[in-house]
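Structure file target.cif with mmCIF, C-alpha atoms:
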data_start
#
loop_
_atom_site.group_PDB
_atom_site.id
_atom_site.type_symbol
_atom_site.label_atom_id
_atom_site.label_comp_id
_atom_site.auth_asym_id
_atom_site.auth_seq_id
_atom_site.Cartn_x
_atom_site.Cartn_y
_atom_site.Cartn_z
ATOM 1 C CA THR A 1 -31.391 48.666 8.374
ATOM 2 C CA SER A 2 -34.756 47.508 9.695
ATOM 3 C CA PRO A 3 -35.303 43.729 9.261
ATOM 4 C CA LEU A 4 -39.042 44.302 8.756
ATOM 5 C CA TYR A 5 -38.336 46.888 6.053
ATOM 6 C CA CYS A 6 -35.954 44.480 4.275
ATOM 7 C CA LEU A 7 -38.473 41.627 4.443
ATOM 8 C CA THR A 8 -41.263 43.845 3.102
ATOM 9 C CA VAL A 9 -39.193 45.172 0.203
ATOM 10 C CA MET A 10 -37.917 41.687 -0.663
ATOM 11 C CA THR A 11 -41.465 40.325 -0.694
ATOM 12 C CA LEU A 12 -42.776 43.144 -2.916
ATOM 13 C CA VAL A 13 -39.813 42.957 -5.316
ATOM 14 C CA ALA A 14 -40.142 39.171 -5.585
ATOM 15 C CA ALA A 15 -43.872 39.491 -6.309
ATOM 16 C CA ALA A 16 -43.248 42.194 -8.925
ATOM 17 C CA TYR A 17 -40.538 40.043 -10.517
ATOM 18 C CA THR A 18 -42.893 37.046 -10.795
ATOM 19 C CA ILE A 19 -45.628 39.187 -12.388
ATOM 20 C CA ALA A 20 -43.205 40.824 -14.839
ATOM 21 C CA LEU A 21 -41.690 37.450 -15.754
ATOM 22 C CA ARG A 22 -45.158 36.020 -16.427
ATOM 23 C CA TYR A 23 -45.961 39.043 -18.591
ATOM 24 C CA THR A 24 -42.822 38.694 -20.720
ATOM 25 C CA ARG A 25 -43.406 34.967 -21.175
ATOM 26 C CA THR A 26 -46.990 35.517 -22.369
ATOM 27 C CA THR A 27 -46.549 38.628 -24.549
ATOM 28 C CA GLU A 28 -43.063 38.544 -26.048
ATOM 29 C CA LYS A 29 -43.000 36.980 -29.523
ATOM 30 C CA GLU A 30 -39.307 36.102 -29.448
ATOM 31 C CA LEU A 31 -38.409 34.346 -26.209
ATOM 32 C CA TYR A 32 -35.004 35.211 -24.818
ATOM 33 C CA PHE A 33 -32.594 32.658 -23.374
ATOM 34 C CA SER A 34 -33.302 32.359 -19.651
ATOM 35 C CA THR A 35 -29.766 31.056 -19.103
ATOM 36 C CA THR A 36 -28.223 34.265 -20.440
ATOM 37 C CA ALA A 37 -30.666 36.325 -18.371
ATOM 38 C CA VAL A 38 -29.473 34.583 -15.201
ATOM 39 C CA CYS A 39 -25.863 35.362 -16.126
ATOM 40 C CA ILE A 40 -26.626 39.042 -16.789
ATOM 41 C CA THR A 41 -28.493 39.191 -13.470
ATOM 42 C CA GLU A 42 -25.306 38.080 -11.708
ATOM 43 C CA VAL A 43 -23.331 40.789 -13.533
ATOM 44 C CA ILE A 44 -25.806 43.508 -12.518
ATOM 45 C CA LYS A 45 -25.808 42.304 -8.895
ATOM 46 C CA LEU A 46 -22.006 42.491 -8.950
ATOM 47 C CA LEU A 47 -22.045 46.053 -10.313
ATOM 48 C CA LEU A 48 -24.659 47.155 -7.762
ATOM 49 C CA SER A 49 -22.642 45.593 -4.939
ATOM 50 C CA VAL A 50 -19.493 47.382 -6.122
ATOM 51 C CA GLY A 51 -21.396 50.675 -6.116
ATOM 52 C CA LEU A 52 -22.813 50.054 -2.635
ATOM 53 C CA LEU A 53 -19.356 49.125 -1.328
ATOM 54 C CA ALA A 54 -17.976 52.374 -2.761
ATOM 55 C CA LYS A 55 -20.732 54.279 -0.972
ATOM 56 C CA GLU A 56 -20.072 52.383 2.275
ATOM 57 C CA THR A 57 -16.310 53.006 2.269
ATOM 58 C CA GLY A 58 -16.803 56.714 1.594
ATOM 59 C CA SER A 59 -13.569 57.388 -0.281
ATOM 60 C CA LEU A 60 -11.782 56.085 -3.362
ATOM 61 C CA GLY A 61 -8.710 55.104 -1.337
ATOM 62 C CA ARG A 62 -10.614 52.980 1.184
ATOM 63 C CA PHE A 63 -12.674 51.489 -1.652
ATOM 64 C CA LYS A 64 -9.539 50.359 -3.527
ATOM 65 C CA THR A 65 -8.015 49.001 -0.327
ATOM 66 C CA SER A 66 -11.159 47.028 0.482
ATOM 67 C CA LEU A 67 -11.273 45.513 -3.011
ATOM 68 C CA SER A 68 -7.567 44.631 -3.079
ATOM 69 C CA GLU A 69 -7.563 43.105 0.408
ATOM 70 C CA ASN A 70 -10.886 41.241 0.359
ATOM 71 C CA VAL A 71 -11.294 40.332 -3.307
ATOM 72 C CA LEU A 72 -8.110 40.460 -5.371
ATOM 73 C CA GLY A 73 -5.847 39.525 -2.469
ATOM 74 C CA SER A 74 -8.062 36.850 -0.884
ATOM 75 C CA PRO A 75 -8.325 33.800 -3.162
ATOM 76 C CA LYS A 76 -9.241 31.687 -0.129
ATOM 77 C CA GLU A 77 -12.291 33.873 0.577
ATOM 78 C CA LEU A 78 -13.260 33.794 -3.098
ATOM 79 C CA MET A 79 -13.154 30.000 -3.013
ATOM 80 C CA LYS A 80 -15.221 30.005 0.180
ATOM 81 C CA LEU A 81 -17.942 32.107 -1.473
ATOM 82 C CA SER A 82 -17.855 30.041 -4.668
ATOM 83 C CA VAL A 83 -19.419 27.142 -2.734
ATOM 84 C CA PRO A 84 -22.997 28.575 -2.737
ATOM 85 C CA SER A 85 -22.790 29.330 -6.476
ATOM 86 C CA LEU A 86 -21.673 25.793 -7.308
ATOM 87 C CA VAL A 87 -24.235 24.230 -4.971
ATOM 88 C CA TYR A 88 -27.051 26.337 -6.457
ATOM 89 C CA ALA A 89 -25.950 25.225 -9.946
ATOM 90 C CA VAL A 90 -26.195 21.592 -8.825
ATOM 91 C CA GLN A 91 -29.600 22.320 -7.269
ATOM 92 C CA ASN A 92 -31.003 23.795 -10.500
ATOM 93 C CA ASN A 93 -29.766 20.856 -12.575
ATOM 94 C CA MET A 94 -31.127 18.312 -10.110
ATOM 95 C CA ALA A 95 -34.492 20.104 -10.026
ATOM 96 C CA PHE A 96 -34.673 19.920 -13.831
ATOM 97 C CA LEU A 97 -33.718 16.223 -13.772
ATOM 98 C CA ALA A 98 -36.372 15.541 -11.117
ATOM 99 C CA LEU A 99 -39.062 17.362 -13.107
ATOM 100 C CA SER A 100 -38.170 15.218 -16.131
ATOM 101 C CA ASN A 101 -38.619 11.979 -14.179
ATOM 102 C CA LEU A 102 -41.542 12.755 -11.857
ATOM 103 C CA ASP A 103 -45.153 13.774 -12.341
ATOM 104 C CA ALA A 104 -45.616 17.526 -11.996
ATOM 105 C CA ALA A 105 -47.837 17.099 -8.925
ATOM 106 C CA VAL A 106 -45.302 14.849 -7.162
ATOM 107 C CA TYR A 107 -42.537 17.316 -8.031
ATOM 108 C CA GLN A 108 -44.511 20.264 -6.634
ATOM 109 C CA VAL A 109 -45.076 18.523 -3.304
ATOM 110 C CA THR A 110 -41.601 17.048 -2.808
ATOM 111 C CA TYR A 111 -39.696 20.169 -3.880
ATOM 112 C CA GLN A 112 -41.334 22.203 -1.117
ATOM 113 C CA LEU A 113 -39.471 20.013 1.382
ATOM 114 C CA LYS A 114 -36.667 22.543 0.877
ATOM 115 C CA ILE A 115 -38.478 24.722 3.439
ATOM 116 C CA PRO A 116 -38.166 22.297 6.400
ATOM 117 C CA CYS A 117 -34.747 21.255 5.074
ATOM 118 C CA THR A 118 -33.584 24.866 5.406
ATOM 119 C CA ALA A 119 -34.894 24.922 8.982
ATOM 120 C CA LEU A 120 -33.040 21.674 9.735
ATOM 121 C CA CYS A 121 -29.782 23.027 8.261
ATOM 122 C CA THR A 122 -30.241 26.171 10.361
ATOM 123 C CA VAL A 123 -30.482 24.076 13.531
ATOM 124 C CA LEU A 124 -27.557 21.796 12.636
ATOM 125 C CA MET A 125 -25.131 24.280 11.070
ATOM 126 C CA LEU A 126 -25.818 27.377 13.177
ATOM 127 C CA ASN A 127 -26.544 25.717 16.549
ATOM 128 C CA ARG A 128 -29.973 27.288 16.848
ATOM 129 C CA THR A 129 -33.138 25.910 18.365
ATOM 130 C CA LEU A 130 -36.709 26.193 17.112
ATOM 131 C CA SER A 131 -39.749 25.803 19.316
ATOM 132 C CA LYS A 132 -42.408 23.173 18.559
ATOM 133 C CA LEU A 133 -44.705 25.952 17.351
ATOM 134 C CA GLN A 134 -42.039 27.189 14.953
ATOM 135 C CA TRP A 135 -41.532 23.690 13.540
ATOM 136 C CA ILE A 136 -45.295 23.345 13.078
ATOM 137 C CA SER A 137 -45.391 26.687 11.264
ATOM 138 C CA VAL A 138 -42.496 25.625 8.990
ATOM 139 C CA PHE A 139 -44.307 22.447 7.872
ATOM 140 C CA MET A 140 -47.563 24.397 7.600
ATOM 141 C CA LEU A 141 -45.794 26.846 5.286
ATOM 142 C CA CYS A 142 -44.521 23.888 3.245
ATOM 143 C CA GLY A 143 -48.087 22.622 2.790
ATOM 144 C CA GLY A 144 -49.440 26.103 2.086
ATOM 145 C CA VAL A 145 -46.928 26.845 -0.679
ATOM 146 C CA THR A 146 -47.656 23.440 -2.225
ATOM 147 C CA LEU A 147 -51.390 24.218 -2.367
ATOM 148 C CA VAL A 148 -50.860 27.763 -3.654
ATOM 149 C CA GLN A 149 -48.758 26.480 -6.563
ATOM 150 C CA TRP A 150 -50.874 23.383 -7.163
ATOM 151 C CA LYS A 151 -51.923 22.788 -10.748
ATOM 152 C CA PRO A 152 -54.114 19.785 -11.627
ATOM 153 C CA ALA A 153 -52.423 17.241 -13.859
ATOM 154 C CA GLN A 154 -53.518 17.501 -17.483
ATOM 155 C CA ALA A 155 -54.230 14.388 -19.501
ATOM 156 C CA THR A 156 -51.888 13.841 -22.427
ATOM 157 C CA LYS A 157 -51.516 11.227 -25.090
ATOM 158 C CA VAL A 158 -47.745 11.676 -25.178
ATOM 159 C CA VAL A 159 -46.009 8.882 -23.326
ATOM 160 C CA VAL A 160 -42.861 10.065 -21.580
ATOM 161 C CA GLU A 161 -40.409 7.591 -20.161
ATOM 162 C CA GLN A 162 -39.737 8.443 -16.524
ATOM 163 C CA ASN A 163 -37.504 6.937 -13.877
ATOM 164 C CA PRO A 164 -39.192 7.670 -10.512
ATOM 165 C CA LEU A 165 -36.206 6.375 -8.526
ATOM 166 C CA LEU A 166 -33.888 8.755 -10.374
ATOM 167 C CA GLY A 167 -36.437 11.544 -9.952
ATOM 168 C CA PHE A 168 -36.732 11.104 -6.176
ATOM 169 C CA GLY A 169 -32.957 10.889 -5.860
ATOM 170 C CA ALA A 170 -32.558 14.112 -7.838
ATOM 171 C CA ILE A 171 -35.230 15.937 -5.817
ATOM 172 C CA ALA A 172 -33.562 14.826 -2.563
ATOM 173 C CA ILE A 173 -30.239 16.274 -3.736
ATOM 174 C CA ALA A 174 -31.944 19.493 -4.896
ATOM 175 C CA VAL A 175 -33.701 19.923 -1.537
ATOM 176 C CA LEU A 176 -30.476 19.340 0.405
ATOM 177 C CA CYS A 177 -28.560 21.732 -1.842
ATOM 178 C CA SER A 178 -31.189 24.436 -1.345
ATOM 179 C CA GLY A 179 -31.045 24.181 2.434
ATOM 180 C CA PHE A 180 -27.270 23.867 2.648
ATOM 181 C CA ALA A 181 -26.358 26.701 0.239
ATOM 182 C CA GLY A 182 -28.618 29.253 1.901
ATOM 183 C CA VAL A 183 -27.531 28.438 5.453
ATOM 184 C CA TYR A 184 -23.857 28.191 4.419
ATOM 185 C CA PHE A 185 -24.008 31.730 3.018
ATOM 186 C CA GLU A 186 -25.719 32.935 6.195
ATOM 187 C CA LYS A 187 -22.994 31.321 8.313
ATOM 188 C CA VAL A 188 -20.259 33.017 6.265
ATOM 189 C CA LEU A 189 -22.040 36.380 6.518
ATOM 190 C CA LYS A 190 -22.494 36.234 10.280
ATOM 191 C CA SER A 191 -19.203 34.620 11.272
ATOM 192 C CA SER A 192 -17.078 37.691 10.515
ATOM 193 C CA ASP A 193 -17.266 41.478 10.364
ATOM 194 C CA THR A 194 -16.565 41.543 6.629
ATOM 195 C CA SER A 195 -18.871 43.917 4.743
ATOM 196 C CA LEU A 196 -22.014 42.407 3.270
ATOM 197 C CA TRP A 197 -21.187 44.022 -0.085
ATOM 198 C CA VAL A 198 -17.695 42.502 -0.081
ATOM 199 C CA ARG A 199 -19.255 39.072 0.510
ATOM 200 C CA ASN A 200 -21.709 39.704 -2.311
ATOM 201 C CA ILE A 201 -18.900 40.686 -4.687
ATOM 202 C CA GLN A 202 -16.995 37.528 -3.771
ATOM 203 C CA MET A 203 -20.043 35.355 -4.414
ATOM 204 C CA TYR A 204 -21.220 37.083 -7.604
ATOM 205 C CA LEU A 205 -17.784 36.785 -9.243
ATOM 206 C CA SER A 206 -17.984 33.014 -9.025
ATOM 207 C CA GLY A 207 -21.688 33.186 -9.871
ATOM 208 C CA ILE A 208 -20.924 34.882 -13.195
ATOM 209 C CA VAL A 209 -18.462 32.131 -14.135
ATOM 210 C CA VAL A 210 -20.853 29.332 -13.135
ATOM 211 C CA THR A 211 -23.897 30.813 -14.928
ATOM 212 C CA LEU A 212 -21.863 31.667 -18.052
ATOM 213 C CA VAL A 213 -20.623 28.093 -18.303
ATOM 214 C CA GLY A 214 -24.164 26.840 -17.672
ATOM 215 C CA ALA A 215 -25.569 29.079 -20.418
ATOM 216 C CA TYR A 216 -23.197 27.746 -23.063
ATOM 217 C CA LEU A 217 -23.619 24.155 -21.936
ATOM 218 C CA SER A 218 -27.424 24.440 -22.160
ATOM 219 C CA ASP A 219 -27.946 26.784 -25.123
ATOM 220 C CA GLY A 220 -24.477 27.176 -26.620
ATOM 221 C CA ALA A 221 -25.387 26.318 -30.215
ATOM 222 C CA GLU A 222 -28.449 28.600 -30.298
ATOM 223 C CA ILE A 223 -26.596 31.437 -28.542
ATOM 224 C CA LYS A 224 -23.853 31.284 -31.194
ATOM 225 C CA GLU A 225 -26.480 31.304 -33.936
ATOM 226 C CA LYS A 226 -28.848 33.994 -32.608
ATOM 227 C CA GLY A 227 -26.651 35.998 -30.246
ATOM 228 C CA PHE A 228 -26.286 36.332 -26.479
ATOM 229 C CA PHE A 229 -28.966 39.040 -26.222
ATOM 230 C CA TYR A 230 -31.476 37.431 -28.581
ATOM 231 C CA GLY A 231 -35.091 38.293 -27.717
ATOM 232 C CA TYR A 232 -34.190 41.031 -25.219
ATOM 233 C CA THR A 233 -36.678 43.906 -24.955
ATOM 234 C CA TYR A 234 -37.236 46.691 -22.451
ATOM 235 C CA TYR A 235 -39.564 44.369 -20.519
ATOM 236 C CA VAL A 236 -36.910 41.663 -20.339
ATOM 237 C CA TRP A 237 -34.344 44.121 -19.039
ATOM 238 C CA PHE A 238 -36.894 45.263 -16.448
ATOM 239 C CA VAL A 239 -37.367 41.652 -15.301
ATOM 240 C CA ILE A 240 -33.586 41.222 -15.030
ATOM 241 C CA PHE A 241 -33.320 44.441 -13.020
ATOM 242 C CA LEU A 242 -36.021 43.268 -10.614
ATOM 243 C CA ALA A 243 -34.253 39.923 -10.220
ATOM 244 C CA SER A 244 -30.999 41.763 -9.451
ATOM 245 C CA VAL A 245 -32.544 44.043 -6.838
ATOM 246 C CA GLY A 246 -34.377 41.073 -5.334
ATOM 247 C CA GLY A 247 -31.096 39.167 -5.082
ATOM 248 C CA LEU A 248 -29.429 42.023 -3.213
ATOM 249 C CA TYR A 249 -32.338 42.353 -0.781
ATOM 250 C CA THR A 250 -32.252 38.596 -0.241
ATOM 251 C CA SER A 251 -28.678 38.863 1.031
ATOM 252 C CA VAL A 252 -29.692 41.767 3.284
ATOM 253 C CA VAL A 253 -32.576 39.701 4.676
ATOM 254 C CA VAL A 254 -30.241 36.758 5.347
ATOM 255 C CA LYS A 255 -27.768 39.121 7.053
ATOM 256 C CA TYR A 256 -30.282 40.766 9.378
ATOM 257 C CA THR A 257 -32.812 37.950 9.861
ATOM 258 C CA ASP A 258 -32.278 34.363 8.659
ATOM 259 C CA ASN A 259 -32.981 31.880 5.871
ATOM 260 C CA ILE A 260 -36.202 30.681 7.481
ATOM 261 C CA MET A 261 -37.653 34.181 7.401
ATOM 262 C CA LYS A 262 -36.464 34.423 3.790
ATOM 263 C CA GLY A 263 -38.600 31.357 3.069
ATOM 264 C CA PHE A 264 -41.657 32.943 4.676
ATOM 265 C CA SER A 265 -41.063 36.112 2.655
ATOM 266 C CA ALA A 266 -40.801 34.110 -0.576
ATOM 267 C CA ALA A 267 -44.077 32.334 0.234
ATOM 268 C CA ALA A 268 -45.824 35.665 0.816
ATOM 269 C CA ALA A 269 -44.462 36.885 -2.536
ATOM 270 C CA ILE A 270 -45.956 33.836 -4.305
ATOM 271 C CA VAL A 271 -49.364 34.595 -2.798
ATOM 272 C CA LEU A 272 -49.193 38.309 -3.688
ATOM 273 C CA SER A 273 -48.053 37.668 -7.268
ATOM 274 C CA THR A 274 -50.840 35.129 -7.816
ATOM 275 C CA ILE A 275 -53.482 37.527 -6.479
ATOM 276 C CA ALA A 276 -52.108 40.274 -8.733
ATOM 277 C CA SER A 277 -52.148 37.867 -11.694
ATOM 278 C CA VAL A 278 -55.860 37.289 -11.088
ATOM 279 C CA MET A 279 -56.490 40.993 -11.639
ATOM 280 C CA LEU A 280 -53.957 41.494 -14.441
ATOM 281 C CA PHE A 281 -54.143 38.252 -16.410
ATOM 282 C CA GLY A 282 -57.563 36.864 -15.483
ATOM 283 C CA LEU A 283 -56.319 33.811 -13.612
ATOM 284 C CA GLN A 284 -58.989 31.948 -11.645
ATOM 285 C CA ILE A 285 -58.809 31.620 -7.859
ATOM 286 C CA THR A 286 -59.160 27.961 -6.910
ATOM 287 C CA LEU A 287 -60.125 26.333 -3.636
ATOM 288 C CA THR A 288 -56.618 24.908 -3.241
ATOM 289 C CA PHE A 289 -55.118 28.391 -3.692
ATOM 290 C CA ALA A 290 -57.462 29.881 -1.073
ATOM 291 C CA LEU A 291 -56.651 27.104 1.391
ATOM 292 C CA GLY A 292 -52.929 27.410 0.670
ATOM 293 C CA THR A 293 -53.035 31.177 1.189
ATOM 294 C CA LEU A 294 -54.768 30.645 4.541
ATOM 295 C CA LEU A 295 -52.078 28.159 5.611
ATOM 296 C CA VAL A 296 -49.288 30.536 4.547
ATOM 297 C CA CYS A 297 -50.806 33.444 6.509
ATOM 298 C CA VAL A 298 -51.412 31.327 9.624
ATOM 299 C CA SER A 299 -47.894 29.874 9.469
ATOM 300 C CA ILE A 300 -46.349 33.359 9.253
ATOM 301 C CA TYR A 301 -48.387 34.433 12.264
ATOM 302 C CA LEU A 302 -47.477 31.330 14.283
ATOM 303 C CA TYR A 303 -43.783 31.599 13.493
ATOM 304 C CA GLY A 304 -43.751 35.180 14.742
ATOM 305 C CA LEU A 305 -45.392 34.316 18.086
ATOM 306 C CA PRO A 306 -42.327 32.918 19.937
ATOM 307 C CA ARG A 307 -40.165 35.768 21.172
ATOM 308 C CA GLN A 308 -36.836 33.943 20.994
ATOM 309 C CA ASP A 309 -33.902 35.160 18.921
ATOM 310 C CA THR A 310 -33.271 33.085 15.795
ATOM 311 C CA THR A 311 -31.192 35.630 13.885
ATOM 312 C CA SER A 312 -27.731 35.183 15.435
ATOM 313 C CA ILE A 313 -25.357 32.271 15.806
ATOM 314 C CA HIS A 314 -25.269 30.930 19.357
ATOM 315 C CA GLN A 315 -21.830 29.397 19.765
ATOM 316 C CA GLY A 316 -21.959 29.001 23.520
ATOM 317 C CA GLU A 317 -25.295 27.205 23.572
ATOM 318 C CA THR A 318 -23.827 23.690 23.387
ATOM 319 C CA ALA A 319 -21.309 24.376 26.135
ATOM 320 C CA SER A 320 -23.994 25.704 28.492
ATOM 321 C CA LYS A 321 -26.079 22.579 27.949
ATOM 322 C CA GLU A 322 -23.078 20.389 28.784
ATOM 323 C CA ARG A 323 -22.533 22.301 32.034
ATOM 324 C CA ILE A 324 -26.163 21.811 33.021
ATOM 325 C CA ILE A 325 -25.918 18.073 32.325
ATOM 326 C CA GLY A 326 -22.721 17.894 34.358
ATOM 327 C CA VAL A 327 -24.434 19.490 37.357
#

Is it possible to give me this structure as structure tokens?
Amino acid sequence: TSPLYCLTVMTLVAAAYTIALRYTRTTEKELYFSTTAVCITEVIKLLLSVGLLAKETGSLGRFKTSLSENVLGSPKELMKLSVPSLVYAVQNNMAFLALSNLDAAVYQVTYQLKIPCTALCTVLMLNRTLSKLQWISVFMLCGGVTLVQWKPAQATKVVVEQNPLLGFGAIAIAVLCSGFAGVYFEKVLKSSDTSLWVRNIQMYLSGIVVTLVGAYLSDGAEIKEKGFFYGYTYYVWFVIFLASVGGLYTSVVVKYTDNIMKGFSAAAAIVLSTIASVMLFGLQITLTFALGTLLVCVSIYLYGLPRQDTTSIHQGETASKERIIGV
């Protein structure tokens, strides 16, 4: 699988998902429960991963053996892959708490710190090194995404009680969770020869449980009243399908490149979806968006300039440094 091909497809799918999601939110009369949609997305990703594993193994016998050995017979591995699902659940809740206690503009800026946080986790957890130019490009990407998504604060007469200290604490936890979960999954993927689809199945099983619990904790009463699939249309199912395919390609990108490149791909998808929304929905291009787009493009170019390998785990790097110091 070509890393460039995976990055391109992930970027296009993510952009298409954002556009389709915006369309459903602006045209559908009966809004569906986003919490149930996330749960169904996990189910579809699980089913797709099972199908891809069956194709990879090539025979029913090897497929059954792979499932029994790596999934049903490996509770330790299932627990290991439940960590990202739980951490992402914490991240989403902390992000919501932060948004409730911070101004939207402050939230937009601080939440983008997850990009350099991911780079820092990559260095610390995977023993990699980034050049000065790469670090500059990472922070430039952080600023570019902030400007692209920037929306001026709107005056309101409604007074909302906010706790800035709680908000900053929540955003700090959310940022750390984002960086840790992504790099943790990358470390698990690249530290063994276990099939990518097996790892996905292990993670999505726990993901289904976590998102199902989250759905009933958030919207349990309304789900019982209106039904789990309330508000679902063909467009909604299309959005869920795009989210599922995007999730699978994200794992492929992490496997063959790294989480930092995933961040650059996500930023490019934001830019593409916004440009498409200008043509489809009549959104206005602002100066901040144009400047942010420029920063995103320049940061992608700068990050690609250094020709060092940042896609594999270098376990012997620390030992070699110690030998040099000893000499």

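The spacing separating CA of Ser85 (chain A) from CA of Tyr32 (chain A) amounts to 22.8 Å.
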
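Residues captured in this structure file are Gln108, Val109, Gln112, Leu113, Ile115, Pro116, Leu130, Ser131, Lys132, Trp150, Lys151, Ala267, Thr288, Phe289, Gly292, Thr293, Leu295, Val296, Ser299, Leu302 and Tyr303 of chain A, according to the PyMOL selection byres ((chain A and resi 133-149) around 7).
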
Could you tell me, as a PyMOL selection string, exactly which residues end up selected when the PyMOL selection byres ((chain A and resi 166-172) around 10) is applied to this structure?
chain A and resi 90-91+93-103+106-107+110-114+162-165+173-178

Run the PyMOL selection byres ((chain A and resi 40) around 10) mentally over the shown coordinates, then write out the matched residues as a PyMOL selection string, using the chain letters and numbers from the document.
chain A and resi 34-39+41-46+208+211-212+229+237+240-241+244

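Minimum atom-to-atom distance to Leu272 (chain A), evaluated using all atoms listed in the file, belongs to A:Cys297 out of A:Cys297, A:Leu196, A:Val239, A:Met125.
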
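Interatomic distance, CA of Gly61 (chain A) to CA of Tyr204 (chain A): 22.8 Å.
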
Measuring between only C-alpha atoms, which one of A:Tyr88, A:Val236, A:Trp197, A:Leu124 shows the shortest distance to Thr57 (chain A)?
A:Trp197

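Every protein, DNA or RNA residue with an atom at most 9 Å from Leu4 (chain A), where all atoms listed in the file count and chain neighbours fewer than 4 positions away do not, is listed here: Thr8, Val9, Val253 and Thr257 of chain A.
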
For Gln202 (chain A), the closest of A:Val252, A:Leu120, A:Leu189, A:Leu280 counting all atoms listed in the file is A:Leu189

Please measure the separation of CA of Pro75 (chain A) and CA of Cys121 (chain A), giving the value in Å to one decimal.
26.6 Å

Compile the contact shell of Leu52 (chain A) as a PDB file with C-alpha atoms, in the coordinates of the input: residues with an atom at most 12 Å away, counting only C-alpha atoms, same-chain residues fewer than 2 positions apart removed.
ATOM      1  CA  LYS A  45     -25.808  42.304  -8.895  1.00  0.00           C
ATOM      2  CA  LEU A  46     -22.006  42.491  -8.950  1.00  0.00           C
ATOM      3  CA  LEU A  47     -22.045  46.053 -10.313  1.00  0.00           C
ATOM      4  CA  LEU A  48     -24.659  47.155  -7.762  1.00  0.00           C
ATOM      5  CA  SER A  49     -22.642  45.593  -4.939  1.00  0.00           C
ATOM      6  CA  VAL A  50     -19.493  47.382  -6.122  1.00  0.00           C
ATOM      7  CA  ALA A  54     -17.976  52.374  -2.761  1.00  0.00           C
ATOM      8  CA  LYS A  55     -20.732  54.279  -0.972  1.00  0.00           C
ATOM      9  CA  GLU A  56     -20.072  52.383   2.275  1.00  0.00           C
ATOM     10  CA  THR A  57     -16.310  53.006   2.269  1.00  0.00           C
ATOM     11  CA  GLY A  58     -16.803  56.714   1.594  1.00  0.00           C
ATOM     12  CA  PHE A  63     -12.674  51.489  -1.652  1.00  0.00           C
ATOM     13  CA  SER A 195     -18.871  43.917   4.743  1.00  0.00           C
ATOM     14  CA  LEU A 196     -22.014  42.407   3.270  1.00  0.00           C
ATOM     15  CA  TRP A 197     -21.187  44.022  -0.085  1.00  0.00           C
ATOM     16  CA  VAL A 198     -17.695  42.502  -0.081  1.00  0.00           C
ATOM     17  CA  ARG A 199     -19.255  39.072   0.510  1.00  0.00           C
ATOM     18  CA  ASN A 200     -21.709  39.704  -2.311  1.00  0.00           C
ATOM     19  CA  ILE A 201     -18.900  40.686  -4.687  1.00  0.00           C
ATOM     20  CA  LEU A 248     -29.429  42.023  -3.213  1.00  0.00           C
TER      21      LEU A 248
END

Let me make sure I understand: among A:Tyr5, A:Ser66, A:Gly246, A:Gly179, which one has the smallest atom-to-atom distance to Ala269 (chain A) if we use all atoms listed in the file?
A:Gly246

Using all atoms listed in the file, what residues lie at most 7 Å away from (-26.2, 28.8, -4.4) (file coordinates), given as a PyMOL selection string?
chain A and resi 84-89+181-182

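Considering the residues A:Ile19, A:Ile300, A:Val83, A:Ile260 and counting all atoms listed in the file, Tyr235 (chain A) has its shortest atom-to-atom contact with A:Ile19.
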
For Gly207 (chain A), the nearest of the candidates A:Leu81, A:Val71, A:Leu60, A:Val254, counting all atoms listed in the file
A:Leu81

Neighbour list for Ser273 (chain A) as a PyMOL selection string, cut-off 7 Å, all atoms listed in the file, skip fewer than 6 positions in-chain:
chain A and resi 15-16+18-19

Determine the axis-aligned bounding box of all atoms of region 100-104 of chain A present in the file, pad each side by 5 Å, and express its centre and edge lengths in Å to one decimal place as JSON.
{"center_x": -41.9, "center_y": 14.8, "center_z": -14.0, "size_x": 17.4, "size_y": 15.5, "size_z": 14.3}
